[in-house]
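S.K.: One file: coords_37.txt (compact mmCIF, C-alpha atoms (C1' of nucleotides)).
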```
# COMPACT_ATOMS: atom_id res chain seq x y z
CA MET A 9 60.35 74.58 61.86
CA PRO A 10 63.98 73.42 61.59
CA SER A 11 63.59 70.57 64.03
CA GLN A 12 66.32 68.25 62.84
CA PRO A 13 69.18 69.68 64.93
CA ILE A 14 67.24 69.62 68.20
CA LEU A 15 66.09 66.03 67.66
CA GLN A 16 69.64 65.03 66.99
CA ASN A 17 70.65 66.73 70.20
CA LEU A 18 68.02 64.79 72.14
CA ALA A 19 69.08 61.55 70.53
CA GLU A 20 72.45 61.92 72.24
CA SER A 21 70.84 61.22 75.60
CA ILE A 22 67.38 59.68 75.16
CA ARG A 23 65.29 57.69 72.70
CA LEU A 24 61.77 58.83 71.81
CA ASP A 25 59.06 57.06 69.81
CA PRO A 26 57.28 59.00 67.02
CA VAL A 27 54.35 59.98 69.23
CA GLU A 28 56.61 61.34 71.95
CA THR A 29 58.67 63.13 69.35
CA ASP A 30 55.63 64.85 67.93
CA PHE A 31 54.42 65.77 71.37
CA PHE A 32 57.78 67.28 72.17
CA LEU A 33 57.87 69.25 68.93
CA SER A 34 54.36 70.55 69.55
CA LEU A 35 55.59 72.19 72.75
CA LEU A 36 58.37 74.15 71.08
CA GLN A 37 58.24 77.75 69.97
CA GLU A 38 60.40 79.33 67.33
CA GLN A 39 62.01 82.71 67.86
CA LYS A 40 64.26 84.86 65.69
CA LEU A 41 66.58 87.42 67.16
CA ARG A 42 68.51 90.20 65.48
CA ARG A 43 72.13 90.84 66.35
CA ARG A 44 72.29 92.63 69.73
CA GLU A 45 68.73 91.69 70.66
CA TYR A 46 68.21 90.20 74.14
CA LEU A 47 66.66 86.79 74.74
CA LEU A 48 66.78 87.42 78.49
CA GLN A 49 67.66 90.45 80.58
CA ALA A 50 69.13 90.11 84.07
CA GLY A 51 66.39 90.54 86.65
CA GLU A 52 63.61 89.05 84.50
CA VAL A 53 62.40 85.53 85.19
CA CYS A 54 63.80 83.05 82.70
CA ARG A 55 60.66 81.38 81.34
CA TYR A 56 62.24 79.45 78.50
CA GLN A 57 64.96 76.96 77.87
CA SER A 58 66.34 77.74 74.40
CA PHE A 59 68.17 75.69 71.81
CA VAL A 60 70.20 77.55 69.19
CA VAL A 61 69.44 76.42 65.63
CA SER A 62 71.57 79.05 63.91
CA GLY A 63 73.55 82.10 64.94
CA CYS A 64 75.13 82.62 68.34
CA LEU A 65 74.17 83.84 71.80
CA LYS A 66 76.28 85.07 74.66
CA VAL A 67 75.44 84.58 78.33
CA SER A 68 76.90 87.30 80.50
CA TYR A 69 76.70 89.03 83.82
CA LEU A 70 77.16 92.66 84.82
CA ASP A 71 79.19 93.08 88.00
CA PRO A 72 78.45 95.77 90.58
CA ALA A 73 81.22 97.93 89.09
CA GLY A 74 79.38 97.86 85.75
CA SER A 75 81.68 95.68 83.67
CA GLU A 76 80.46 92.69 81.74
CA HIS A 77 81.64 89.11 82.27
CA VAL A 78 80.85 86.56 79.57
CA VAL A 79 80.03 83.19 81.10
CA LYS A 80 79.48 81.16 77.97
CA PHE A 81 78.74 81.29 74.29
CA ALA A 82 75.96 79.32 72.66
CA PRO A 83 76.46 78.78 68.91
CA GLU A 84 74.48 76.22 66.89
CA ASN A 85 73.31 73.15 68.81
CA TRP A 86 73.93 74.64 72.25
CA TRP A 87 71.31 75.18 74.92
CA ALA A 88 71.13 78.57 76.61
CA PHE A 89 69.17 79.69 79.66
CA ASP A 90 69.70 80.87 83.20
CA LEU A 91 69.48 77.54 84.93
CA GLU A 92 68.85 78.95 88.39
CA SER A 93 66.19 81.38 87.24
CA PHE A 94 64.47 78.75 85.09
CA ALA A 95 64.48 76.18 87.87
CA LEU A 96 63.36 78.43 90.68
CA GLN A 97 61.48 81.02 88.61
CA SER A 98 63.51 83.66 90.38
CA GLY A 99 65.09 86.80 88.94
CA ALA A 100 67.83 86.00 86.45
CA PHE A 101 71.45 86.64 87.34
CA TYR A 102 72.56 86.52 83.72
CA SER A 103 71.58 88.21 80.49
CA ILE A 104 71.40 86.39 77.17
CA GLN A 105 72.03 88.37 74.02
CA ALA A 106 72.34 87.53 70.34
CA ILE A 107 75.76 88.35 68.92
CA GLU A 108 74.65 87.33 65.42
CA ASP A 109 71.19 87.08 63.88
CA THR A 110 69.98 83.99 65.67
CA GLU A 111 67.20 81.44 65.46
CA VAL A 112 66.21 79.48 68.57
CA LEU A 113 63.69 76.81 69.48
CA LYS A 114 62.46 77.32 73.01
CA ILE A 115 60.30 75.45 75.49
CA SER A 116 58.55 77.18 78.34
CA ARG A 117 58.89 76.10 81.94
CA THR A 118 55.19 75.16 81.94
CA ASN A 119 55.56 72.97 78.88
CA MET A 120 58.71 71.42 80.28
CA ASP A 121 56.75 70.41 83.39
CA LEU A 122 54.07 68.90 81.15
CA LEU A 123 56.72 67.03 79.24
CA LEU A 124 58.35 65.73 82.41
CA ASP A 125 54.94 64.48 83.47
CA ARG A 126 54.00 62.73 80.26
CA VAL A 127 57.37 61.58 78.95
CA PRO A 128 59.45 60.40 81.90
CA GLN A 129 62.43 60.07 79.56
CA PHE A 130 62.85 63.78 79.94
CA GLU A 131 63.69 63.39 83.61
CA LYS A 132 66.80 61.66 82.42
CA PHE A 133 67.45 64.29 79.79
CA ASN A 134 67.20 66.99 82.41
CA ARG A 135 69.33 65.21 84.92
CA LEU A 136 71.99 64.59 82.29
CA MET A 137 71.90 68.21 81.25
CA TYR A 138 72.49 69.37 84.82
CA GLN A 139 75.11 66.71 85.26
CA THR A 140 76.95 67.60 82.08
CA ALA A 141 76.72 71.29 82.81
CA TYR A 142 78.10 70.73 86.29
CA ILE A 143 80.97 68.59 85.14
CA ALA A 144 81.93 70.98 82.37
CA LEU A 145 81.83 73.89 84.76
CA GLN A 146 83.87 72.08 87.38
CA ARG A 147 86.57 71.48 84.83
CA ARG A 148 86.48 75.10 83.82
CA VAL A 149 86.98 76.21 87.41
CA THR A 150 89.91 73.88 87.75
CA GLN A 151 91.41 75.01 84.47
CA ASN A 152 91.00 78.67 85.36
CA LEU A 153 92.91 78.11 88.55
CA THR A 154 95.53 75.97 86.88
CA SER A 155 96.32 77.78 83.66
CA LYS A 156 97.49 81.13 82.39
CA ALA A 157 95.56 83.30 79.99
CA ASP A 158 97.22 81.93 76.86
CA GLU A 159 96.35 78.36 77.82
CA ARG A 160 92.78 79.38 78.57
CA TYR A 161 92.65 80.93 75.11
CA GLN A 162 93.72 77.66 73.56
CA GLN A 163 91.10 75.80 75.58
CA PHE A 164 88.50 78.28 74.33
CA GLN A 165 89.53 77.49 70.75
CA VAL A 166 89.13 73.76 71.40
CA LYS A 167 85.77 74.17 73.10
CA TYR A 168 84.34 76.50 70.47
CA PRO A 169 86.06 75.63 67.17
CA GLY A 170 86.03 78.50 64.71
CA LEU A 171 84.14 80.78 67.06
CA GLN A 172 87.04 83.20 67.47
CA ASN A 173 86.26 84.50 63.99
CA ARG A 174 82.59 85.13 64.76
CA VAL A 175 82.82 86.73 68.19
CA ALA A 176 84.14 90.19 69.10
CA GLN A 177 87.51 90.03 70.79
CA LYS A 178 86.30 92.03 73.73
CA ASP A 179 83.75 89.27 74.37
CA ILE A 180 86.39 86.56 74.11
CA ALA A 181 88.59 88.59 76.48
CA SER A 182 85.70 88.85 78.90
CA TYR A 183 85.10 85.10 78.69
CA LEU A 184 88.76 84.44 79.41
CA GLY A 185 88.83 86.93 82.26
CA VAL A 186 91.41 89.28 80.75
CA THR A 187 91.26 92.78 79.30
CA PRO A 188 90.75 93.27 75.53
CA GLU A 189 94.15 94.95 75.40
CA PHE A 190 95.85 91.97 76.91
CA LEU A 191 94.12 89.50 74.59
CA SER A 192 95.22 91.64 71.67
CA SER A 193 98.85 91.57 72.77
CA MET A 194 98.60 87.83 73.40
CA ARG A 195 97.47 87.30 69.83
CA ARG A 196 100.27 89.49 68.52
CA ARG A 197 102.88 87.46 70.43
CA GLU A 198 101.28 84.26 69.16
CA MET A 199 101.52 85.52 65.55
CA LEU A 200 105.18 86.40 65.95
CA MET A 201 105.86 82.96 67.41
CA HIS A 202 104.97 81.44 64.06
CA PHE A 203 107.97 83.06 62.30
CA MET B 21 75.25 55.95 114.33
CA PRO B 22 75.15 59.76 114.61
CA SER B 23 72.24 60.16 112.22
CA GLN B 24 70.79 63.45 113.44
CA PRO B 25 72.91 65.79 111.27
CA ILE B 26 72.24 63.93 108.04
CA LEU B 27 68.48 63.81 108.66
CA GLN B 28 68.53 67.50 109.32
CA ASN B 29 70.37 67.99 106.05
CA LEU B 30 67.73 65.99 104.17
CA ALA B 31 64.93 67.93 105.84
CA GLU B 32 66.19 71.05 104.08
CA SER B 33 64.97 69.69 100.76
CA ILE B 34 62.55 66.79 101.29
CA ARG B 35 60.14 65.35 103.83
CA LEU B 36 60.25 61.67 104.72
CA ASP B 37 57.86 59.58 106.79
CA PRO B 38 59.30 57.35 109.55
CA VAL B 39 59.36 54.24 107.35
CA GLU B 40 61.22 56.01 104.58
CA THR B 41 63.58 57.52 107.11
CA ASP B 42 64.40 54.11 108.54
CA PHE B 43 64.88 52.67 105.09
CA PHE B 44 67.25 55.48 104.22
CA LEU B 45 69.23 55.04 107.41
CA SER B 46 69.49 51.29 106.82
CA LEU B 47 71.33 52.00 103.56
CA LEU B 48 74.03 54.13 105.15
CA GLN B 49 77.47 53.01 106.19
CA GLU B 50 79.65 54.65 108.77
CA GLN B 51 83.35 55.25 108.13
CA LYS B 52 86.08 56.80 110.22
CA LEU B 53 89.16 58.32 108.65
CA ARG B 54 92.40 59.39 110.24
CA ARG B 55 94.01 62.70 109.32
CA ARG B 56 95.69 62.32 105.89
CA GLU B 57 93.76 59.16 105.04
CA TYR B 58 92.11 59.07 101.62
CA LEU B 59 88.40 58.52 101.10
CA LEU B 60 88.93 58.45 97.35
CA GLN B 61 92.03 58.42 95.18
CA ALA B 62 92.03 59.92 91.68
CA GLY B 63 91.62 57.15 89.12
CA GLU B 64 89.47 54.92 91.34
CA VAL B 65 85.74 54.71 90.74
CA CYS B 66 83.81 56.77 93.28
CA ARG B 67 81.36 54.23 94.70
CA TYR B 68 80.01 56.32 97.58
CA GLN B 69 78.40 59.62 98.24
CA SER B 70 79.62 60.77 101.66
CA PHE B 71 78.23 63.11 104.27
CA VAL B 72 80.65 64.55 106.81
CA VAL B 73 79.46 64.14 110.39
CA SER B 74 82.60 65.47 112.03
CA GLY B 75 86.06 66.52 110.92
CA CYS B 76 86.94 67.87 107.49
CA LEU B 77 87.74 66.58 104.02
CA LYS B 78 89.43 68.26 101.10
CA VAL B 79 88.64 67.56 97.46
CA SER B 80 91.59 68.20 95.21
CA TYR B 81 93.10 67.49 91.85
CA LEU B 82 96.67 66.88 90.76
CA ASP B 83 97.59 68.70 87.56
CA PRO B 84 99.90 67.20 84.94
CA ALA B 85 102.78 69.25 86.33
CA GLY B 86 102.28 67.54 89.69
CA SER B 87 100.90 70.38 91.78
CA GLU B 88 97.73 70.07 93.80
CA HIS B 89 94.62 72.20 93.35
CA VAL B 90 92.02 72.19 96.10
CA VAL B 91 88.52 72.34 94.66
CA LYS B 92 86.51 72.40 97.83
CA PHE B 93 86.52 71.68 101.54
CA ALA B 94 83.89 69.57 103.25
CA PRO B 95 83.60 70.22 106.98
CA GLU B 96 80.63 69.06 109.09
CA ASN B 97 77.30 68.78 107.27
CA TRP B 98 78.82 68.93 103.79
CA TRP B 99 78.55 66.27 101.14
CA ALA B 100 81.70 65.12 99.37
CA PHE B 101 82.15 62.89 96.35
CA ASP B 102 83.34 63.03 92.75
CA LEU B 103 80.02 63.73 91.10
CA GLU B 104 81.13 62.71 87.63
CA SER B 105 82.76 59.49 88.76
CA PHE B 106 79.81 58.59 90.99
CA ALA B 107 77.25 59.28 88.26
CA LEU B 108 79.06 57.56 85.42
CA GLN B 109 81.06 55.06 87.45
CA SER B 110 84.13 56.27 85.60
CA GLY B 111 87.60 56.93 86.94
CA ALA B 112 87.66 59.80 89.42
CA PHE B 113 89.24 63.08 88.46
CA TYR B 114 89.53 64.22 92.07
CA SER B 115 90.98 62.83 95.26
CA ILE B 116 89.27 63.18 98.62
CA GLN B 117 91.43 63.24 101.70
CA ALA B 118 90.80 63.81 105.41
CA ILE B 119 92.59 66.86 106.77
CA GLU B 120 91.40 66.08 110.29
CA ASP B 121 90.21 62.85 111.87
CA THR B 122 86.86 62.54 110.18
CA GLU B 123 83.65 60.60 110.49
CA VAL B 124 81.40 60.17 107.46
CA LEU B 125 78.11 58.50 106.62
CA LYS B 126 78.15 57.16 103.10
CA ILE B 127 75.70 55.60 100.70
CA SER B 128 76.80 53.41 97.83
CA ARG B 129 75.78 53.99 94.25
CA THR B 130 73.84 50.72 94.31
CA ASN B 131 71.91 51.71 97.41
CA MET B 132 71.26 55.15 96.01
CA ASP B 133 69.69 53.52 92.95
CA LEU B 134 67.54 51.41 95.25
CA LEU B 135 66.53 54.49 97.16
CA LEU B 136 65.66 56.39 93.99
CA ASP B 137 63.47 53.46 93.01
CA ARG B 138 61.61 53.06 96.27
CA VAL B 139 61.49 56.63 97.55
CA PRO B 140 60.87 58.94 94.61
CA GLN B 141 61.44 61.91 96.91
CA PHE B 142 65.09 61.27 96.45
CA GLU B 143 64.88 62.16 92.77
CA LYS B 144 64.11 65.64 93.97
CA PHE B 145 66.87 65.53 96.54
CA ASN B 146 69.32 64.52 93.85
CA ARG B 147 68.14 67.06 91.36
CA LEU B 148 68.36 69.81 93.97
CA MET B 149 71.83 68.72 94.92
CA TYR B 150 73.02 68.93 91.32
CA GLN B 151 71.20 72.19 90.90
CA THR B 152 72.62 73.74 94.02
CA ALA B 153 76.08 72.49 93.23
CA TYR B 154 75.85 73.90 89.74
CA ILE B 155 74.64 77.30 90.84
CA ALA B 156 77.25 77.58 93.58
CA LEU B 157 79.96 76.62 91.14
CA GLN B 158 78.78 79.05 88.50
CA ARG B 159 79.00 81.86 91.00
CA ARG B 160 82.47 80.76 91.98
CA VAL B 161 83.61 80.90 88.37
CA THR B 162 82.24 84.38 88.02
CA GLN B 163 83.79 85.51 91.27
CA ASN B 164 87.16 84.06 90.39
CA LEU B 165 87.14 86.01 87.16
CA THR B 166 85.86 89.16 88.81
CA SER B 167 87.82 89.45 92.00
CA LYS B 168 91.40 89.66 93.22
CA ALA B 169 93.04 87.22 95.61
CA ASP B 170 92.26 89.22 98.75
CA GLU B 171 88.57 89.38 97.86
CA ARG B 172 88.53 85.66 97.15
CA TYR B 173 90.08 85.11 100.57
CA GLN B 174 87.26 87.07 102.20
CA GLN B 175 84.71 85.05 100.24
CA PHE B 176 86.39 81.89 101.46
CA GLN B 177 86.01 83.10 105.04
CA VAL B 178 82.31 83.78 104.49
CA LYS B 179 81.71 80.43 102.81
CA TYR B 180 83.60 78.42 105.41
CA PRO B 181 83.34 80.33 108.69
CA GLY B 182 86.16 79.51 111.07
CA LEU B 183 87.76 77.03 108.71
CA GLN B 184 90.88 79.13 108.19
CA ASN B 185 92.02 78.02 111.64
CA ARG B 186 91.55 74.33 110.91
CA VAL B 187 93.08 74.08 107.44
CA ALA B 188 96.74 74.38 106.42
CA GLN B 189 97.53 77.64 104.69
CA LYS B 190 98.98 75.90 101.71
CA ASP B 191 95.59 74.24 101.19
CA ILE B 192 93.76 77.53 101.48
CA ALA B 193 96.26 79.06 99.07
CA SER B 194 95.62 76.22 96.67
CA TYR B 195 91.85 76.69 96.99
CA LEU B 196 92.23 80.40 96.24
CA GLY B 197 94.55 79.75 93.32
CA VAL B 198 97.58 81.56 94.74
CA THR B 199 100.94 80.43 96.09
CA PRO B 200 101.37 79.83 99.82
CA GLU B 201 103.97 82.60 99.86
CA PHE B 202 101.54 85.09 98.44
CA LEU B 203 98.78 84.13 100.86
CA SER B 204 101.25 84.56 103.68
CA SER B 205 102.18 88.06 102.56
CA MET B 206 98.50 88.91 102.06
CA ARG B 207 97.79 87.96 105.65
CA ARG B 208 100.77 90.00 106.86
CA ARG B 209 99.49 93.08 105.02
CA GLU B 210 96.03 92.46 106.45
CA MET B 211 97.46 92.28 109.97
CA LEU B 212 99.35 95.55 109.52
CA MET B 213 96.19 97.20 108.23
CA HIS B 214 94.63 96.77 111.65
CA PHE B 215 97.12 99.16 113.31
C1' DC C 3 115.36 65.99 121.15
C1' DG C 4 115.72 65.74 116.13
C1' DT C 5 113.46 65.50 111.73
C1' DC C 6 110.26 66.85 108.55
C1' DT C 7 107.10 69.93 106.75
C1' DA C 8 104.76 74.38 106.88
C1' DT C 9 105.21 79.23 107.12
C1' DT C 10 107.52 83.61 106.75
C1' DT C 11 110.51 86.90 104.58
C1' DG C 12 112.85 89.16 100.83
C1' DA C 13 114.62 90.00 96.11
C1' DA C 14 114.07 89.47 91.35
C1' DT C 15 110.89 88.38 87.70
C1' DG C 16 106.76 87.67 85.07
C1' DT C 17 102.00 88.22 84.11
C1' DA C 18 98.21 91.06 83.45
C1' DC C 19 96.07 95.79 84.14
C1' DT C 20 95.32 100.91 83.49
C1' DC C 21 95.44 104.77 80.86
C1' DA C 22 96.07 107.15 76.65
C1' DA C 23 96.27 107.53 71.87
C1' DA C 24 96.19 105.86 67.12
C1' DA C 25 94.42 102.93 63.62
C1' DG C 26 90.79 99.98 61.68
C1' DC C 27 86.11 98.76 60.56
C1' DG C 28 81.11 98.70 60.01
C1' DG C 29 77.05 100.82 59.52
C1' DT C 30 74.33 104.96 58.27
C1' DG C 31 72.88 108.99 55.93
C1' DG C 32 73.70 112.15 52.43
C1' DC D 26 79.19 105.45 46.50
C1' DC D 27 81.53 107.94 49.77
C1' DA D 28 82.16 110.37 54.11
C1' DC D 29 81.56 110.35 58.65
C1' DC D 30 80.58 108.61 63.22
C1' DG D 31 81.04 105.42 66.84
C1' DC D 32 82.87 101.39 68.46
C1' DT D 33 86.51 97.83 68.41
C1' DT D 34 91.20 96.65 68.09
C1' DT D 35 96.02 97.72 68.32
C1' DT D 36 100.10 99.70 70.36
C1' DG D 37 102.96 101.44 73.99
C1' DA D 38 104.44 103.11 78.53
C1' DG D 39 104.03 102.76 83.26
C1' DT D 40 102.19 100.19 87.23
C1' DA D 41 100.15 96.64 90.19
C1' DC D 42 99.43 91.98 91.30
C1' DA D 43 101.24 87.53 91.92
C1' DT D 44 105.08 84.08 91.12
C1' DT D 45 109.64 81.90 91.60
C1' DC D 46 113.55 80.92 94.04
C1' DA D 47 116.25 80.86 98.12
C1' DA D 48 116.95 81.03 102.86
C1' DA D 49 115.56 81.57 107.62
C1' DT D 50 112.17 80.45 111.23
C1' DA D 51 108.55 78.08 113.38
C1' DG D 52 105.57 74.03 114.42
C1' DA D 53 104.15 69.23 114.54
C1' DC D 54 105.04 64.71 115.50
C1' DG D 55 107.43 60.63 116.57
```
Re-express the file's structure as structure tokens.
M.R.:
Amino acid sequence: MPSQPILQNLAESIRLDPVETDFFLSLLQEQKLRRREYLLQAGEVCRYQSFVVSGCLKVSYLDPAGSEHVVKFAPENWWAFDLESFALQSGAFYSIQAIEDTEVLKISRTNMDLLLDRVPQFEKFNRLMYQTAYIALQRRVTQNLTSKADERYQQFQVKYPGLQNRVAQKDIASYLGVTPEFLSSMRRREMLMHF
Amino acid sequence: MPSQPILQNLAESIRLDPVETDFFLSLLQEQKLRRREYLLQAGEVCRYQSFVVSGCLKVSYLDPAGSEHVVKFAPENWWAFDLESFALQSGAFYSIQAIEDTEVLKISRTNMDLLLDRVPQFEKFNRLMYQTAYIALQRRVTQNLTSKADERYQQFQVKYPGLQNRVAQKDIASYLGVTPEFLSSMRRREMLMHF
DNA sequence: CGTCTATTTGAATGTACTCAAAAGCGGTGG
DNA sequence: CCACCGCTTTTGAGTACATTCAAATAGACG
């Protein structure tokens, strides 16, 4: 199991001794997804919290009119799950789909509860994850209100370096909240600017 | 001290015995603000988590170009604070200002730590607050991307019933992410619709 | 009452969308 | 290996949504 990346990710917020580390690793499951395969479908209960080892996922939501809205991407070293559904074990609002062949390490809600019980450090990890997620989201709201599509595109490039070459433009457009056609014309204008 | 509303708010997520309740209340401070007075200025460290007993606050952010963006309103029974600044004791990103004469009950970061130590119930309260805040925010992001200004205005009216009569239109416009002029013309069209 | 700020109104402009059609590209089967 | 199919991306014209700027009107407060 390719456990190095996830341990490194943990190390950013908490410190574990070898026993705790092993216990944590023993609770993980590995899963491989093909391009286009779903890790979670809207409506299902989100039973796992997943860490992307390789590949890339997209988290999206289908509005009543039937069009898709991408909420976030999760390339290597990102966590992906429907936070609300995982926390409350309610029906998921979002779907999570692989946009490349992807390998994840996931921990079930049950095992996470075990972990929280036995290794109190993980309370902190969890709290920080919520906190970080909230703060990041709050800034995104603010930025969406503040900036025009071309600025949001630049912010996307900063947030996800290199990802624009791995993700379909229609998905980037959806993430930015513009139509694929408009993103295309934005890119054209941007190209011309450089001459 | 008008402690009934805040106890009712707590009761929505946790149950306290009389001793815990008294301990909690002993950690609160009362503060009265005049219209236009600031509870927090951007750049300061947010040392308190405040609960609005009466009146109304607005949480807003000043962009580099100097224009204000309202992030949320906090009328009676809402909590208001800069979550990031309070958690990390870093400089606040947001300002919090009274838009009516307002009365708040606030708890300092220090006292909150005490509380978390002595009454573990509050871990849950805190986690739920983050969780709820996150989920609400996530939906707002999605809605902002999905819907037009007039729909966002309706959502505002649902979220904050009756508040449109207490808040300046320029602040509502800012919250919705449109210009005051456009909100004004939206309302005119809406009026005409009813004939 | 006068001053200051908020709101309304209108015209001109810009930003982003819809619809339609053409071109590009990737995967699949022959 | 190539041809074809389906989906994505590009391009363009016309339109709708929202902004800017300017000026007039209305309200709030001392």
S.K.: Hey, what's within 9 Å of Ser105 (chain B) if we count only C-alpha atoms (C1' of nucleotides) and toss same-chain stuff fewer than 2 positions away? As a PyMOL selection string, please?
M.R.: chain B and resi 64-67+101-103+107-114
S.K.: Mind dumping the selected residues with C-alpha atoms as a PDB file, in the frame of the given file?
M.R.:
```pdb
ATOM      1  CA  GLU B  64      89.470  54.920  91.340  1.00  0.00           C
ATOM      2  CA  VAL B  65      85.740  54.710  90.740  1.00  0.00           C
ATOM      3  CA  CYS B  66      83.810  56.770  93.280  1.00  0.00           C
ATOM      4  CA  ARG B  67      81.360  54.230  94.700  1.00  0.00           C
ATOM      5  CA  PHE B 101      82.150  62.890  96.350  1.00  0.00           C
ATOM      6  CA  ASP B 102      83.340  63.030  92.750  1.00  0.00           C
ATOM      7  CA  LEU B 103      80.020  63.730  91.100  1.00  0.00           C
ATOM      8  CA  ALA B 107      77.250  59.280  88.260  1.00  0.00           C
ATOM      9  CA  LEU B 108      79.060  57.560  85.420  1.00  0.00           C
ATOM     10  CA  GLN B 109      81.060  55.060  87.450  1.00  0.00           C
ATOM     11  CA  SER B 110      84.130  56.270  85.600  1.00  0.00           C
ATOM     12  CA  GLY B 111      87.600  56.930  86.940  1.00  0.00           C
ATOM     13  CA  ALA B 112      87.660  59.800  89.420  1.00  0.00           C
ATOM     14  CA  PHE B 113      89.240  63.080  88.460  1.00  0.00           C
ATOM     15  CA  TYR B 114      89.530  64.220  92.070  1.00  0.00           C
TER      16      TYR B 114
END
```
S.K.: Env of region 38-45 of chain D: 12 Å cut, atoms = all atoms listed in the file, seq-sep filter 5 positions within chain, self excluded. Answer as a PDB file with C-alpha atoms (C1' of nucleotides), in the frame of the given file.
M.R.:
```
ATOM      1  CA  LYS A 156      97.490  81.130  82.390  1.00  0.00           C
TER       2      LYS A 156
ATOM      3  CA  SER B 167      87.820  89.450  92.000  1.00  0.00           C
ATOM      4  CA  LYS B 168      91.400  89.660  93.220  1.00  0.00           C
ATOM      5  CA  ALA B 169      93.040  87.220  95.610  1.00  0.00           C
ATOM      6  CA  ASP B 170      92.260  89.220  98.750  1.00  0.00           C
ATOM      7  CA  GLY B 197      94.550  79.750  93.320  1.00  0.00           C
ATOM      8  CA  VAL B 198      97.580  81.560  94.740  1.00  0.00           C
ATOM      9  CA  THR B 199     100.940  80.430  96.090  1.00  0.00           C
ATOM     10  CA  PRO B 200     101.370  79.830  99.820  1.00  0.00           C
ATOM     11  CA  GLU B 201     103.970  82.600  99.860  1.00  0.00           C
ATOM     12  CA  PHE B 202     101.540  85.090  98.440  1.00  0.00           C
ATOM     13  CA  LEU B 203      98.780  84.130 100.860  1.00  0.00           C
ATOM     14  CA  SER B 205     102.180  88.060 102.560  1.00  0.00           C
ATOM     15  CA  MET B 206      98.500  88.910 102.060  1.00  0.00           C
TER      16      MET B 206
ATOM     17  C1'  DA C  13     114.620  90.000  96.110  1.00  0.00           C
ATOM     18  C1'  DA C  14     114.070  89.470  91.350  1.00  0.00           C
ATOM     19  C1'  DT C  15     110.890  88.380  87.700  1.00  0.00           C
ATOM     20  C1'  DG C  16     106.760  87.670  85.070  1.00  0.00           C
ATOM     21  C1'  DT C  17     102.000  88.220  84.110  1.00  0.00           C
ATOM     22  C1'  DA C  18      98.210  91.060  83.450  1.00  0.00           C
ATOM     23  C1'  DC C  19      96.070  95.790  84.140  1.00  0.00           C
ATOM     24  C1'  DT C  20      95.320 100.910  83.490  1.00  0.00           C
ATOM     25  C1'  DC C  21      95.440 104.770  80.860  1.00  0.00           C
ATOM     26  C1'  DA C  22      96.070 107.150  76.650  1.00  0.00           C
ATOM     27  C1'  DA C  23      96.270 107.530  71.870  1.00  0.00           C
TER      28       DA C  23
END
```
S.K.: Choose the residue, out of A:Glu20, A:Glu92, A:Glu84, A:Glu131, that has the smallest atom-to-atom separation from Gly63 (chain A); count all atoms listed in the file.
M.R.: A:Glu84
S.K.: So which residues touch region 28-44 of chain A within 10 Å, counting only C-alpha atoms (C1' of nucleotides), skipping near sequence neighbours fewer than 5 positions away, as a PyMOL selection string?
M.R.: chain A and resi 9-11+14-15+18+23+56-66+104-116+118-120+122-123+126-127+129-130
S.K.: Select residues of chain A: the criterion is any atom within 6 Å of an atom of chain B, counting only C-alpha atoms; output as a PyMOL selection string.
M.R.: chain A and resi 142+149+153+185
S.K.: Quote the spacing between CA of Leu59 (chain B) and CA of Lys132 (chain A) in Å to one decimal place.
M.R.: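 That distance, rounded to one decimal, is 28.7 Å.
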S.K.: Between CA of Arg174 (chain A) and CA of Gly51 (chain A), measure the distance and give it in Å to one decimal.
M.R.: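 A separation of 27.8 Å between them.
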S.K.: May I ask you to extract the residues of chain D within 9 Å of chain A, using all atoms listed in the file, and to give them as a ChimeraX atom specification?
M.R.: /D:33-36
S.K.: With 10 Å as the limit and counting all atoms listed in the file, what residues in chain C lie close to chain B? Please list them as a tab-separated table (two decimals) with C-alpha atoms (C1' of nucleotides), keeping the file's coordinate frame.
M.R.:
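New file selection27.tsv:
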```
chain	number	residue	atom	x	y	z
C	8	DA	C1'	104.76	74.38	106.88
C	9	DT	C1'	105.21	79.23	107.12
C	10	DT	C1'	107.52	83.61	106.75
C	11	DT	C1'	110.51	86.90	104.58
```
S.K.: One decimal, Å: what's the distance from CA of Gln177 (chain B) over to CA of Asn29 (chain B), could you say?
M.R.: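 Interatomic distance, CA of Gln177 (chain B) to CA of Asn29 (chain B): 21.8 Å.
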S.K.: Please determine an axis-aligned box that encloses all atoms of region 4-20 of chain C listed in the file, with 8 Å added on each side, and express its centre and edge lengths in Å to one decimal as lines of an AutoDock Vina configuration file.
M.R.:
```
center_x = 105.5
center_y = 83.2
center_z = 99.8
size_x = 36.4
size_y = 51.4
size_z = 48.7
```
S.K.: Determine, counting only C-alpha atoms (C1' of nucleotides), every residue of protein, DNA or RNA that lies within 6 Å of (81.5, 74.9, 101.5) in the file coordinates, then give the result as a PyMOL selection string.
M.R.: chain B and resi 93+179-180
S.K.: Can you list, as a list in words, every protein, DNA or RNA residue that comes within 10 Å of DA53 (chain D) when you count only C-alpha atoms (C1' of nucleotides), leaving out same-chain residues fewer than 2 positions away?
M.R.: DC6, DT7 and DA8 of chain C; DA51 and DG55 of chain D
